[in-house]
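**Student:** As input, take query.pdb (PDB, N, CA and C atoms and all ligand atoms):
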```pdb
ATOM      1  N   GLU A  27      -8.504   3.384  11.036  1.00  0.00           N
ATOM      2  CA  GLU A  27      -9.012   2.665   9.863  1.00  0.00           C
ATOM      3  C   GLU A  27      -8.660   1.187   9.974  1.00  0.00           C
ATOM      4  N   THR A  28      -9.601   0.342   9.612  1.00  0.00           N
ATOM      5  CA  THR A  28      -9.376  -1.094   9.667  1.00  0.00           C
ATOM      6  C   THR A  28      -9.167  -1.623   8.253  1.00  0.00           C
ATOM      7  N   PRO A  29      -8.145  -2.442   8.073  1.00  0.00           N
ATOM      8  CA  PRO A  29      -7.932  -2.980   6.722  1.00  0.00           C
ATOM      9  C   PRO A  29      -8.987  -4.009   6.350  1.00  0.00           C
ATOM     10  N   GLN A  30      -9.233  -4.150   5.082  1.00  0.00           N
ATOM     11  CA  GLN A  30     -10.093  -5.233   4.610  1.00  0.00           C
ATOM     12  C   GLN A  30      -9.333  -6.557   4.736  1.00  0.00           C
ATOM     13  N   ILE A  31     -10.078  -7.646   4.709  1.00  0.00           N
ATOM     14  CA  ILE A  31      -9.481  -8.965   4.884  1.00  0.00           C
ATOM     15  C   ILE A  31      -9.653  -9.773   3.592  1.00  0.00           C
ATOM     16  N   PRO A  32      -8.674  -9.711   2.703  1.00  0.00           N
ATOM     17  CA  PRO A  32      -8.793 -10.468   1.446  1.00  0.00           C
ATOM     18  C   PRO A  32      -8.946 -11.965   1.694  1.00  0.00           C
ATOM     19  N   ARG A  33      -8.210 -12.485   2.664  1.00  0.00           N
ATOM     20  CA  ARG A  33      -8.391 -13.881   3.052  1.00  0.00           C
ATOM     21  C   ARG A  33      -7.718 -14.139   4.389  1.00  0.00           C
ATOM     22  N   LYS A  34      -8.193 -15.168   5.084  1.00  0.00           N
ATOM     23  CA  LYS A  34      -7.700 -15.443   6.430  1.00  0.00           C
ATOM     24  C   LYS A  34      -6.631 -16.512   6.439  1.00  0.00           C
ATOM     25  N   GLU A  35      -5.684 -16.355   5.542  1.00  0.00           N
ATOM     26  CA  GLU A  35      -4.513 -17.228   5.521  1.00  0.00           C
ATOM     27  C   GLU A  35      -3.426 -16.512   4.739  1.00  0.00           C
ATOM     28  N   PRO A  36      -2.177 -16.901   4.948  1.00  0.00           N
ATOM     29  CA  PRO A  36      -1.092 -16.216   4.260  1.00  0.00           C
ATOM     30  C   PRO A  36      -0.975 -16.629   2.797  1.00  0.00           C
ATOM     31  N   TYR A  37      -0.241 -15.835   2.062  1.00  0.00           N
ATOM     32  CA  TYR A  37       0.136 -16.181   0.695  1.00  0.00           C
ATOM     33  C   TYR A  37       1.558 -16.741   0.760  1.00  0.00           C
ATOM     34  N   GLY A  38       1.698 -18.017   0.497  1.00  0.00           N
ATOM     35  CA  GLY A  38       3.018 -18.639   0.447  1.00  0.00           C
ATOM     36  C   GLY A  38       3.566 -18.494  -0.962  1.00  0.00           C
ATOM     37  N   LEU A  39       4.613 -17.713  -1.097  1.00  0.00           N
ATOM     38  CA  LEU A  39       5.134 -17.405  -2.433  1.00  0.00           C
ATOM     39  C   LEU A  39       6.633 -17.635  -2.504  1.00  0.00           C
ATOM     40  N   SER A  40       7.076 -18.163  -3.630  1.00  0.00           N
ATOM     41  CA  SER A  40       8.510 -18.256  -3.896  1.00  0.00           C
ATOM     42  C   SER A  40       8.883 -17.030  -4.706  1.00  0.00           C
ATOM     43  N   LEU A  41       9.577 -16.111  -4.073  1.00  0.00           N
ATOM     44  CA  LEU A  41       9.895 -14.837  -4.725  1.00  0.00           C
ATOM     45  C   LEU A  41      11.336 -14.789  -5.194  1.00  0.00           C
ATOM     46  N   GLU A  42      11.516 -14.188  -6.344  1.00  0.00           N
ATOM     47  CA  GLU A  42      12.850 -13.890  -6.840  1.00  0.00           C
ATOM     48  C   GLU A  42      13.376 -12.660  -6.096  1.00  0.00           C
ATOM     49  N   ALA A  43      14.683 -12.457  -6.152  1.00  0.00           N
ATOM     50  CA  ALA A  43      15.257 -11.260  -5.549  1.00  0.00           C
ATOM     51  C   ALA A  43      14.628 -10.027  -6.186  1.00  0.00           C
ATOM     52  N   GLY A  44      14.365  -9.029  -5.363  1.00  0.00           N
ATOM     53  CA  GLY A  44      13.782  -7.808  -5.889  1.00  0.00           C
ATOM     54  C   GLY A  44      13.030  -7.051  -4.821  1.00  0.00           C
ATOM     55  N   THR A  45      12.382  -5.991  -5.237  1.00  0.00           N
ATOM     56  CA  THR A  45      11.603  -5.156  -4.329  1.00  0.00           C
ATOM     57  C   THR A  45      10.122  -5.358  -4.617  1.00  0.00           C
ATOM     58  N   TYR A  46       9.380  -5.619  -3.556  1.00  0.00           N
ATOM     59  CA  TYR A  46       7.939  -5.847  -3.684  1.00  0.00           C
ATOM     60  C   TYR A  46       7.215  -4.902  -2.729  1.00  0.00           C
ATOM     61  N   TRP A  47       5.943  -4.661  -3.023  1.00  0.00           N
ATOM     62  CA  TRP A  47       5.139  -3.784  -2.165  1.00  0.00           C
ATOM     63  C   TRP A  47       3.911  -4.550  -1.701  1.00  0.00           C
ATOM     64  N   TRP A  48       3.903  -4.860  -0.420  1.00  0.00           N
ATOM     65  CA  TRP A  48       2.796  -5.609   0.176  1.00  0.00           C
ATOM     66  C   TRP A  48       1.619  -4.680   0.437  1.00  0.00           C
ATOM     67  N   CYS A  49       0.440  -5.113   0.039  1.00  0.00           N
ATOM     68  CA  CYS A  49      -0.781  -4.326   0.263  1.00  0.00           C
ATOM     69  C   CYS A  49      -1.170  -4.392   1.734  1.00  0.00           C
ATOM     70  N   ALA A  50      -1.255  -3.220   2.378  1.00  0.00           N
ATOM     71  CA  ALA A  50      -1.627  -3.144   3.795  1.00  0.00           C
ATOM     72  C   ALA A  50      -3.116  -2.882   3.985  1.00  0.00           C
ATOM     73  N   CYS A  51      -3.765  -2.336   2.959  1.00  0.00           N
ATOM     74  CA  CYS A  51      -5.165  -1.923   3.103  1.00  0.00           C
ATOM     75  C   CYS A  51      -6.152  -3.044   2.829  1.00  0.00           C
ATOM     76  N   GLY A  52      -5.716  -4.043   2.080  1.00  0.00           N
ATOM     77  CA  GLY A  52      -6.595  -5.163   1.743  1.00  0.00           C
ATOM     78  C   GLY A  52      -7.463  -4.926   0.523  1.00  0.00           C
ATOM     79  N   ARG A  53      -7.338  -3.772  -0.114  1.00  0.00           N
ATOM     80  CA  ARG A  53      -8.227  -3.448  -1.242  1.00  0.00           C
ATOM     81  C   ARG A  53      -7.678  -3.861  -2.595  1.00  0.00           C
ATOM     82  N   SER A  54      -6.401  -4.165  -2.661  1.00  0.00           N
ATOM     83  CA  SER A  54      -5.796  -4.476  -3.957  1.00  0.00           C
ATOM     84  C   SER A  54      -6.450  -5.691  -4.611  1.00  0.00           C
ATOM     85  N   ALA A  55      -6.589  -5.630  -5.931  1.00  0.00           N
ATOM     86  CA  ALA A  55      -7.101  -6.770  -6.695  1.00  0.00           C
ATOM     87  C   ALA A  55      -5.956  -7.691  -7.086  1.00  0.00           C
ATOM     88  N   ASN A  56      -4.744  -7.312  -6.716  1.00  0.00           N
ATOM     89  CA  ASN A  56      -3.548  -8.087  -7.066  1.00  0.00           C
ATOM     90  C   ASN A  56      -2.860  -8.573  -5.795  1.00  0.00           C
ATOM     91  N   GLN A  57      -3.638  -9.167  -4.873  1.00  0.00           N
ATOM     92  CA  GLN A  57      -3.088  -9.640  -3.598  1.00  0.00           C
ATOM     93  C   GLN A  57      -1.974 -10.653  -3.801  1.00  0.00           C
ATOM     94  N   PRO A  58      -0.953 -10.615  -2.901  1.00  0.00           N
ATOM     95  CA  PRO A  58      -0.874  -9.764  -1.719  1.00  0.00           C
ATOM     96  C   PRO A  58      -0.189  -8.428  -1.976  1.00  0.00           C
ATOM     97  N   PHE A  59      -0.069  -8.041  -3.233  1.00  0.00           N
ATOM     98  CA  PHE A  59       0.688  -6.839  -3.549  1.00  0.00           C
ATOM     99  C   PHE A  59      -0.212  -5.632  -3.810  1.00  0.00           C
ATOM    100  N   CYS A  60       0.370  -4.467  -3.607  1.00  0.00           N
ATOM    101  CA  CYS A  60      -0.342  -3.200  -3.800  1.00  0.00           C
ATOM    102  C   CYS A  60      -0.612  -2.952  -5.280  1.00  0.00           C
ATOM    103  N   ASP A  61      -1.817  -2.489  -5.595  1.00  0.00           N
ATOM    104  CA  ASP A  61      -2.131  -2.081  -6.970  1.00  0.00           C
ATOM    105  C   ASP A  61      -2.579  -0.619  -7.018  1.00  0.00           C
ATOM    106  N   GLY A  62      -2.360   0.105  -5.917  1.00  0.00           N
ATOM    107  CA  GLY A  62      -2.705   1.526  -5.886  1.00  0.00           C
ATOM    108  C   GLY A  62      -4.087   1.812  -5.314  1.00  0.00           C
ATOM    109  N   SER A  63      -4.835   0.748  -4.994  1.00  0.00           N
ATOM    110  CA  SER A  63      -6.216   0.937  -4.521  1.00  0.00           C
ATOM    111  C   SER A  63      -6.314   1.579  -3.145  1.00  0.00           C
ATOM    112  N   HIS A  64      -5.177   1.727  -2.442  1.00  0.00           N
ATOM    113  CA  HIS A  64      -5.200   2.362  -1.114  1.00  0.00           C
ATOM    114  C   HIS A  64      -5.432   3.868  -1.205  1.00  0.00           C
ATOM    115  N   LYS A  65      -5.340   4.419  -2.397  1.00  0.00           N
ATOM    116  CA  LYS A  65      -5.486   5.872  -2.540  1.00  0.00           C
ATOM    117  C   LYS A  65      -6.798   6.340  -1.928  1.00  0.00           C
ATOM    118  N   GLY A  66      -6.714   7.402  -1.145  1.00  0.00           N
ATOM    119  CA  GLY A  66      -7.895   7.914  -0.464  1.00  0.00           C
ATOM    120  C   GLY A  66      -8.050   7.362   0.934  1.00  0.00           C
ATOM    121  N   SER A  67      -7.221   6.385   1.294  1.00  0.00           N
ATOM    122  CA  SER A  67      -7.234   5.833   2.651  1.00  0.00           C
ATOM    123  C   SER A  67      -5.961   6.270   3.363  1.00  0.00           C
ATOM    124  N   SER A  68      -5.844   5.875   4.637  1.00  0.00           N
ATOM    125  CA  SER A  68      -4.637   6.238   5.394  1.00  0.00           C
ATOM    126  C   SER A  68      -3.553   5.167   5.234  1.00  0.00           C
ATOM    127  N   PHE A  69      -3.845   4.117   4.492  1.00  0.00           N
ATOM    128  CA  PHE A  69      -2.882   3.024   4.344  1.00  0.00           C
ATOM    129  C   PHE A  69      -1.840   3.296   3.271  1.00  0.00           C
ATOM    130  N   ARG A  70      -0.659   2.766   3.501  1.00  0.00           N
ATOM    131  CA  ARG A  70       0.404   2.796   2.514  1.00  0.00           C
ATOM    132  C   ARG A  70       0.966   1.381   2.415  1.00  0.00           C
ATOM    133  N   PRO A  71       1.438   0.986   1.236  1.00  0.00           N
ATOM    134  CA  PRO A  71       2.012  -0.357   1.105  1.00  0.00           C
ATOM    135  C   PRO A  71       3.326  -0.461   1.879  1.00  0.00           C
ATOM    136  N   ILE A  72       3.714  -1.670   2.196  1.00  0.00           N
ATOM    137  CA  ILE A  72       4.967  -1.914   2.912  1.00  0.00           C
ATOM    138  C   ILE A  72       5.952  -2.591   1.970  1.00  0.00           C
ATOM    139  N   LYS A  73       7.145  -2.020   1.967  1.00  0.00           N
ATOM    140  CA  LYS A  73       8.197  -2.499   1.069  1.00  0.00           C
ATOM    141  C   LYS A  73       8.766  -3.828   1.558  1.00  0.00           C
ATOM    142  N   VAL A  74       8.943  -4.740   0.632  1.00  0.00           N
ATOM    143  CA  VAL A  74       9.541  -6.045   0.951  1.00  0.00           C
ATOM    144  C   VAL A  74      10.786  -6.191   0.087  1.00  0.00           C
ATOM    145  N   GLU A  75      11.946  -6.209   0.725  1.00  0.00           N
ATOM    146  CA  GLU A  75      13.198  -6.371  -0.012  1.00  0.00           C
ATOM    147  C   GLU A  75      13.628  -7.829   0.071  1.00  0.00           C
ATOM    148  N   ILE A  76      13.717  -8.477  -1.066  1.00  0.00           N
ATOM    149  CA  ILE A  76      14.160  -9.868  -1.116  1.00  0.00           C
ATOM    150  C   ILE A  76      15.541  -9.886  -1.769  1.00  0.00           C
ATOM    151  N   THR A  77      16.525 -10.379  -1.026  1.00  0.00           N
ATOM    152  CA  THR A  77      17.898 -10.314  -1.537  1.00  0.00           C
ATOM    153  C   THR A  77      18.321 -11.588  -2.264  1.00  0.00           C
ATOM    154  N   GLU A  78      17.630 -12.669  -2.001  1.00  0.00           N
ATOM    155  CA  GLU A  78      17.922 -13.904  -2.724  1.00  0.00           C
ATOM    156  C   GLU A  78      16.619 -14.690  -2.836  1.00  0.00           C
ATOM    157  N   PRO A  79      16.476 -15.535  -3.856  1.00  0.00           N
ATOM    158  CA  PRO A  79      15.221 -16.258  -4.038  1.00  0.00           C
ATOM    159  C   PRO A  79      14.839 -17.013  -2.771  1.00  0.00           C
ATOM    160  N   LYS A  80      13.609 -16.846  -2.322  1.00  0.00           N
ATOM    161  CA  LYS A  80      13.169 -17.576  -1.138  1.00  0.00           C
ATOM    162  C   LYS A  80      11.656 -17.627  -1.021  1.00  0.00           C
ATOM    163  N   LYS A  81      11.205 -18.572  -0.181  1.00  0.00           N
ATOM    164  CA  LYS A  81       9.778 -18.737   0.074  1.00  0.00           C
ATOM    165  C   LYS A  81       9.397 -17.829   1.232  1.00  0.00           C
ATOM    166  N   VAL A  82       8.329 -17.084   1.051  1.00  0.00           N
ATOM    167  CA  VAL A  82       7.846 -16.201   2.116  1.00  0.00           C
ATOM    168  C   VAL A  82       6.356 -16.430   2.318  1.00  0.00           C
ATOM    169  N   TYR A  83       5.894 -16.113   3.508  1.00  0.00           N
ATOM    170  CA  TYR A  83       4.470 -16.214   3.818  1.00  0.00           C
ATOM    171  C   TYR A  83       3.967 -14.823   4.167  1.00  0.00           C
ATOM    172  N   LEU A  84       3.380 -14.186   3.164  1.00  0.00           N
ATOM    173  CA  LEU A  84       2.906 -12.816   3.349  1.00  0.00           C
ATOM    174  C   LEU A  84       1.478 -12.832   3.875  1.00  0.00           C
ATOM    175  N   CYS A  85       1.220 -11.972   4.835  1.00  0.00           N
ATOM    176  CA  CYS A  85      -0.092 -11.928   5.496  1.00  0.00           C
ATOM    177  C   CYS A  85      -1.199 -11.604   4.500  1.00  0.00           C
ATOM    178  N   GLY A  86      -2.240 -12.411   4.510  1.00  0.00           N
ATOM    179  CA  GLY A  86      -3.389 -12.190   3.645  1.00  0.00           C
ATOM    180  C   GLY A  86      -4.547 -11.531   4.363  1.00  0.00           C
ATOM    181  N   CYS A  87      -4.536 -11.567   5.695  1.00  0.00           N
ATOM    182  CA  CYS A  87      -5.654 -11.003   6.470  1.00  0.00           C
ATOM    183  C   CYS A  87      -5.431  -9.539   6.800  1.00  0.00           C
ATOM    184  N   LYS A  88      -4.177  -9.077   6.656  1.00  0.00           N
ATOM    185  CA  LYS A  88      -3.788  -7.676   6.883  1.00  0.00           C
ATOM    186  C   LYS A  88      -3.838  -7.250   8.349  1.00  0.00           C
ATOM    187  N   HIS A  89      -3.983  -8.199   9.245  1.00  0.00           N
ATOM    188  CA  HIS A  89      -4.022  -7.881  10.678  1.00  0.00           C
ATOM    189  C   HIS A  89      -2.768  -8.352  11.423  1.00  0.00           C
ATOM    190  N   THR A  90      -1.773  -8.825  10.710  1.00  0.00           N
ATOM    191  CA  THR A  90      -0.546  -9.266  11.364  1.00  0.00           C
ATOM    192  C   THR A  90       0.114  -8.129  12.148  1.00  0.00           C
ATOM    193  N   ARG A  91       0.821  -8.495  13.210  1.00  0.00           N
ATOM    194  CA  ARG A  91       1.603  -7.492  13.956  1.00  0.00           C
ATOM    195  C   ARG A  91       3.065  -7.549  13.539  1.00  0.00           C
ATOM    196  N   ASN A  92       3.338  -8.324  12.486  1.00  0.00           N
ATOM    197  CA  ASN A  92       4.707  -8.431  11.974  1.00  0.00           C
ATOM    198  C   ASN A  92       4.692  -8.239  10.455  1.00  0.00           C
ATOM    199  N   ALA A  93       4.017  -7.177  10.019  1.00  0.00           N
ATOM    200  CA  ALA A  93       3.863  -6.927   8.580  1.00  0.00           C
ATOM    201  C   ALA A  93       5.223  -6.834   7.885  1.00  0.00           C
ATOM    202  N   PRO A  94       5.320  -7.402   6.699  1.00  0.00           N
ATOM    203  CA  PRO A  94       4.248  -7.959   5.874  1.00  0.00           C
ATOM    204  C   PRO A  94       4.048  -9.467   6.063  1.00  0.00           C
ATOM    205  N   PHE A  95       4.678 -10.027   7.075  1.00  0.00           N
ATOM    206  CA  PHE A  95       4.655 -11.482   7.219  1.00  0.00           C
ATOM    207  C   PHE A  95       3.530 -11.966   8.134  1.00  0.00           C
ATOM    208  N   CYS A  96       3.013 -13.137   7.823  1.00  0.00           N
ATOM    209  CA  CYS A  96       1.990 -13.761   8.667  1.00  0.00           C
ATOM    210  C   CYS A  96       2.582 -14.089  10.029  1.00  0.00           C
ATOM    211  N   ASP A  97       1.851 -13.737  11.088  1.00  0.00           N
ATOM    212  CA  ASP A  97       2.297 -14.081  12.446  1.00  0.00           C
ATOM    213  C   ASP A  97       1.252 -14.945  13.169  1.00  0.00           C
ATOM    214  N   GLY A  98       0.270 -15.449  12.402  1.00  0.00           N
ATOM    215  CA  GLY A  98      -0.731 -16.325  12.994  1.00  0.00           C
ATOM    216  C   GLY A  98      -1.979 -15.608  13.496  1.00  0.00           C
ATOM    217  N   THR A  99      -1.973 -14.274  13.440  1.00  0.00           N
ATOM    218  CA  THR A  99      -3.136 -13.505  13.918  1.00  0.00           C
ATOM    219  C   THR A  99      -4.413 -13.883  13.190  1.00  0.00           C
ATOM    220  N   HIS A 100      -4.296 -14.337  11.941  1.00  0.00           N
ATOM    221  CA  HIS A 100      -5.494 -14.682  11.147  1.00  0.00           C
ATOM    222  C   HIS A 100      -6.348 -15.753  11.821  1.00  0.00           C
ATOM    223  N   LYS A 101      -5.736 -16.575  12.663  1.00  0.00           N
ATOM    224  CA  LYS A 101      -6.478 -17.670  13.298  1.00  0.00           C
ATOM    225  C   LYS A 101      -7.552 -17.155  14.249  1.00  0.00           C
ATOM    226  N   GLY A 102      -7.379 -15.928  14.751  1.00  0.00           N
ATOM    227  CA  GLY A 102      -8.343 -15.388  15.706  1.00  0.00           C
ATOM    228  C   GLY A 102      -9.352 -14.433  15.096  1.00  0.00           C
ATOM    229  N   LEU A 103      -9.328 -14.303  13.785  1.00  0.00           N
ATOM    230  CA  LEU A 103     -10.248 -13.337  13.140  1.00  0.00           C
ATOM    231  C   LEU A 103     -11.605 -13.959  12.845  1.00  0.00           C
TER     232      LEU A 103
HETATM  233 FE1  LIG B   1      -3.480  -1.847  -0.509  1.00  0.00          FE
HETATM  234 FE2  LIG B   1      -1.907  -0.255  -1.892  1.00  0.00          FE
HETATM  235  S1  LIG B   1      -3.621  -1.315  -2.607  1.00  0.00           S
HETATM  236  S2  LIG B   1      -1.758  -0.763   0.186  1.00  0.00           S
HETATM  237 FE1  LIG B   2      -2.567 -12.426   8.422  1.00  0.00          FE
HETATM  238 FE2  LIG B   2      -1.688 -14.853   9.001  1.00  0.00          FE
HETATM  239  S1  LIG B   2      -2.627 -14.212   7.199  1.00  0.00           S
HETATM  240  S2  LIG B   2      -1.612 -13.103  10.242  1.00  0.00           S
END
```
Could you show the structure in this file as structure tokens?
**Tutor:**
Amino acid sequence: ETPQIPRKEPYGLSLEAGTYWWCACGRSANQPFCDGSHKGSSFRPIKVEITEPKKVYLCGCKHTRNAPFCDGTHKGL
């Protein structure tokens, strides 16, 4: 199964400490986070544990090889 591509650039976010769920399927309406829309597919969200407030770049194209983080793969899509 191939994920959908919500956008071909990362989401740069300043996140508070906590647990987040990155959408791997690309179907969520609440990008870059899972909203349950993966149901019925083989995709599952990926857990993101943030231990202290920090800026992260979460993959928006869903084709990264370093999920949930952008690794530059979007440039070749
Ligand atoms: Fe995409 Fe849950 S909605 S992984
Ligand atoms: Fe997916 Fe950069 S946004 S690799």
**Student:** Quick one: apply the PyMOL selection byres (((chain A and resi 59) around 5) and not hetatm) to the file and drop the selected residues here as a count of residues only.
**Tutor:** 8
**Student:** Give as a JSON list (two decimals) with N, CA and C atoms, keeping the file's coordinate frame the residues surrounding ligand LIG 1 (chain B) up to a distance of 12 Å, considering only C-alpha atoms and all ligand atoms.
**Tutor:**
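Below you can see pocket_17.json, which holds the result:
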```json
[["chain", "number", "residue", "atom", "x", "y", "z"],
["A", 28, "THR", "N", -9.60, 0.34, 9.61],
["A", 28, "THR", "CA", -9.38, -1.09, 9.67],
["A", 28, "THR", "C", -9.17, -1.62, 8.25],
["A", 29, "PRO", "N", -8.14, -2.44, 8.07],
["A", 29, "PRO", "CA", -7.93, -2.98, 6.72],
["A", 29, "PRO", "C", -8.99, -4.01, 6.35],
["A", 30, "GLN", "N", -9.23, -4.15, 5.08],
["A", 30, "GLN", "CA", -10.09, -5.23, 4.61],
["A", 30, "GLN", "C", -9.33, -6.56, 4.74],
["A", 31, "ILE", "N", -10.08, -7.65, 4.71],
["A", 31, "ILE", "CA", -9.48, -8.96, 4.88],
["A", 31, "ILE", "C", -9.65, -9.77, 3.59],
["A", 32, "PRO", "N", -8.67, -9.71, 2.70],
["A", 32, "PRO", "CA", -8.79, -10.47, 1.45],
["A", 32, "PRO", "C", -8.95, -11.96, 1.69],
["A", 46, "TYR", "N", 9.38, -5.62, -3.56],
["A", 46, "TYR", "CA", 7.94, -5.85, -3.68],
["A", 46, "TYR", "C", 7.22, -4.90, -2.73],
["A", 47, "TRP", "N", 5.94, -4.66, -3.02],
["A", 47, "TRP", "CA", 5.14, -3.78, -2.16],
["A", 47, "TRP", "C", 3.91, -4.55, -1.70],
["A", 48, "TRP", "N", 3.90, -4.86, -0.42],
["A", 48, "TRP", "CA", 2.80, -5.61, 0.18],
["A", 48, "TRP", "C", 1.62, -4.68, 0.44],
["A", 49, "CYS", "N", 0.44, -5.11, 0.04],
["A", 49, "CYS", "CA", -0.78, -4.33, 0.26],
["A", 49, "CYS", "C", -1.17, -4.39, 1.73],
["A", 50, "ALA", "N", -1.25, -3.22, 2.38],
["A", 50, "ALA", "CA", -1.63, -3.14, 3.80],
["A", 50, "ALA", "C", -3.12, -2.88, 3.98],
["A", 51, "CYS", "N", -3.76, -2.34, 2.96],
["A", 51, "CYS", "CA", -5.16, -1.92, 3.10],
["A", 51, "CYS", "C", -6.15, -3.04, 2.83],
["A", 52, "GLY", "N", -5.72, -4.04, 2.08],
["A", 52, "GLY", "CA", -6.60, -5.16, 1.74],
["A", 52, "GLY", "C", -7.46, -4.93, 0.52],
["A", 53, "ARG", "N", -7.34, -3.77, -0.11],
["A", 53, "ARG", "CA", -8.23, -3.45, -1.24],
["A", 53, "ARG", "C", -7.68, -3.86, -2.60],
["A", 54, "SER", "N", -6.40, -4.16, -2.66],
["A", 54, "SER", "CA", -5.80, -4.48, -3.96],
["A", 54, "SER", "C", -6.45, -5.69, -4.61],
["A", 55, "ALA", "N", -6.59, -5.63, -5.93],
["A", 55, "ALA", "CA", -7.10, -6.77, -6.70],
["A", 55, "ALA", "C", -5.96, -7.69, -7.09],
["A", 56, "ASN", "N", -4.74, -7.31, -6.72],
["A", 56, "ASN", "CA", -3.55, -8.09, -7.07],
["A", 56, "ASN", "C", -2.86, -8.57, -5.80],
["A", 57, "GLN", "N", -3.64, -9.17, -4.87],
["A", 57, "GLN", "CA", -3.09, -9.64, -3.60],
["A", 57, "GLN", "C", -1.97, -10.65, -3.80],
["A", 58, "PRO", "N", -0.95, -10.62, -2.90],
["A", 58, "PRO", "CA", -0.87, -9.76, -1.72],
["A", 58, "PRO", "C", -0.19, -8.43, -1.98],
["A", 59, "PHE", "N", -0.07, -8.04, -3.23],
["A", 59, "PHE", "CA", 0.69, -6.84, -3.55],
["A", 59, "PHE", "C", -0.21, -5.63, -3.81],
["A", 60, "CYS", "N", 0.37, -4.47, -3.61],
["A", 60, "CYS", "CA", -0.34, -3.20, -3.80],
["A", 60, "CYS", "C", -0.61, -2.95, -5.28],
["A", 61, "ASP", "N", -1.82, -2.49, -5.60],
["A", 61, "ASP", "CA", -2.13, -2.08, -6.97],
["A", 61, "ASP", "C", -2.58, -0.62, -7.02],
["A", 62, "GLY", "N", -2.36, 0.10, -5.92],
["A", 62, "GLY", "CA", -2.70, 1.53, -5.89],
["A", 62, "GLY", "C", -4.09, 1.81, -5.31],
["A", 63, "SER", "N", -4.84, 0.75, -4.99],
["A", 63, "SER", "CA", -6.22, 0.94, -4.52],
["A", 63, "SER", "C", -6.31, 1.58, -3.14],
["A", 64, "HIS", "N", -5.18, 1.73, -2.44],
["A", 64, "HIS", "CA", -5.20, 2.36, -1.11],
["A", 64, "HIS", "C", -5.43, 3.87, -1.20],
["A", 65, "LYS", "N", -5.34, 4.42, -2.40],
["A", 65, "LYS", "CA", -5.49, 5.87, -2.54],
["A", 65, "LYS", "C", -6.80, 6.34, -1.93],
["A", 66, "GLY", "N", -6.71, 7.40, -1.14],
["A", 66, "GLY", "CA", -7.90, 7.91, -0.46],
["A", 66, "GLY", "C", -8.05, 7.36, 0.93],
["A", 67, "SER", "N", -7.22, 6.38, 1.29],
["A", 67, "SER", "CA", -7.23, 5.83, 2.65],
["A", 67, "SER", "C", -5.96, 6.27, 3.36],
["A", 68, "SER", "N", -5.84, 5.88, 4.64],
["A", 68, "SER", "CA", -4.64, 6.24, 5.39],
["A", 68, "SER", "C", -3.55, 5.17, 5.23],
["A", 69, "PHE", "N", -3.84, 4.12, 4.49],
["A", 69, "PHE", "CA", -2.88, 3.02, 4.34],
["A", 69, "PHE", "C", -1.84, 3.30, 3.27],
["A", 70, "ARG", "N", -0.66, 2.77, 3.50],
["A", 70, "ARG", "CA", 0.40, 2.80, 2.51],
["A", 70, "ARG", "C", 0.97, 1.38, 2.42],
["A", 71, "PRO", "N", 1.44, 0.99, 1.24],
["A", 71, "PRO", "CA", 2.01, -0.36, 1.10],
["A", 71, "PRO", "C", 3.33, -0.46, 1.88],
["A", 72, "ILE", "N", 3.71, -1.67, 2.20],
["A", 72, "ILE", "CA", 4.97, -1.91, 2.91],
["A", 72, "ILE", "C", 5.95, -2.59, 1.97],
["A", 73, "LYS", "N", 7.14, -2.02, 1.97],
["A", 73, "LYS", "CA", 8.20, -2.50, 1.07],
["A", 73, "LYS", "C", 8.77, -3.83, 1.56],
["A", 86, "GLY", "N", -2.24, -12.41, 4.51],
["A", 86, "GLY", "CA", -3.39, -12.19, 3.64],
["A", 86, "GLY", "C", -4.55, -11.53, 4.36],
["A", 87, "CYS", "N", -4.54, -11.57, 5.70],
["A", 87, "CYS", "CA", -5.65, -11.00, 6.47],
["A", 87, "CYS", "C", -5.43, -9.54, 6.80],
["A", 88, "LYS", "N", -4.18, -9.08, 6.66],
["A", 88, "LYS", "CA", -3.79, -7.68, 6.88],
["A", 88, "LYS", "C", -3.84, -7.25, 8.35],
["A", 93, "ALA", "N", 4.02, -7.18, 10.02],
["A", 93, "ALA", "CA", 3.86, -6.93, 8.58],
["A", 93, "ALA", "C", 5.22, -6.83, 7.88],
["A", 94, "PRO", "N", 5.32, -7.40, 6.70],
["A", 94, "PRO", "CA", 4.25, -7.96, 5.87],
["A", 94, "PRO", "C", 4.05, -9.47, 6.06]]
```
**Student:** Which protein, DNA or RNA residues have an atom within 7 Å of ligand LIG 2 (chain B), counting only N, CA and C atoms and all ligand atoms, as a PyMOL selection string?
**Tutor:** chain A and resi 33-37+84-91+95-101
**Student:** Assuming the chain letters and numbering stay as they are in my file, what does the PyMOL selection byres (((chain A and resi 42) around 8) and not hetatm) actually select? List them as a short mmCIF file (atom, residue, chain, number, x, y, z; two decimals) with N, CA and C atoms, in the frame of the given file.
**Tutor:**
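Below is the file selection-v3.cif, written as the result:
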```
data_model
loop_
_atom_site.label_atom_id
_atom_site.label_comp_id
_atom_site.auth_asym_id
_atom_site.auth_seq_id
_atom_site.Cartn_x
_atom_site.Cartn_y
_atom_site.Cartn_z
N LEU A 39 4.61 -17.71 -1.10
CA LEU A 39 5.13 -17.40 -2.43
C LEU A 39 6.63 -17.64 -2.50
N SER A 40 7.08 -18.16 -3.63
CA SER A 40 8.51 -18.26 -3.90
C SER A 40 8.88 -17.03 -4.71
N LEU A 41 9.58 -16.11 -4.07
CA LEU A 41 9.90 -14.84 -4.72
C LEU A 41 11.34 -14.79 -5.19
N ALA A 43 14.68 -12.46 -6.15
CA ALA A 43 15.26 -11.26 -5.55
C ALA A 43 14.63 -10.03 -6.19
N GLY A 44 14.36 -9.03 -5.36
CA GLY A 44 13.78 -7.81 -5.89
C GLY A 44 13.03 -7.05 -4.82
N THR A 45 12.38 -5.99 -5.24
CA THR A 45 11.60 -5.16 -4.33
C THR A 45 10.12 -5.36 -4.62
N GLU A 75 11.95 -6.21 0.72
CA GLU A 75 13.20 -6.37 -0.01
C GLU A 75 13.63 -7.83 0.07
N ILE A 76 13.72 -8.48 -1.07
CA ILE A 76 14.16 -9.87 -1.12
C ILE A 76 15.54 -9.89 -1.77
N THR A 77 16.52 -10.38 -1.03
CA THR A 77 17.90 -10.31 -1.54
C THR A 77 18.32 -11.59 -2.26
N GLU A 78 17.63 -12.67 -2.00
CA GLU A 78 17.92 -13.90 -2.72
C GLU A 78 16.62 -14.69 -2.84
N PRO A 79 16.48 -15.54 -3.86
CA PRO A 79 15.22 -16.26 -4.04
C PRO A 79 14.84 -17.01 -2.77
N LYS A 80 13.61 -16.85 -2.32
CA LYS A 80 13.17 -17.58 -1.14
C LYS A 80 11.66 -17.63 -1.02
N LYS A 81 11.20 -18.57 -0.18
CA LYS A 81 9.78 -18.74 0.07
C LYS A 81 9.40 -17.83 1.23
#
```
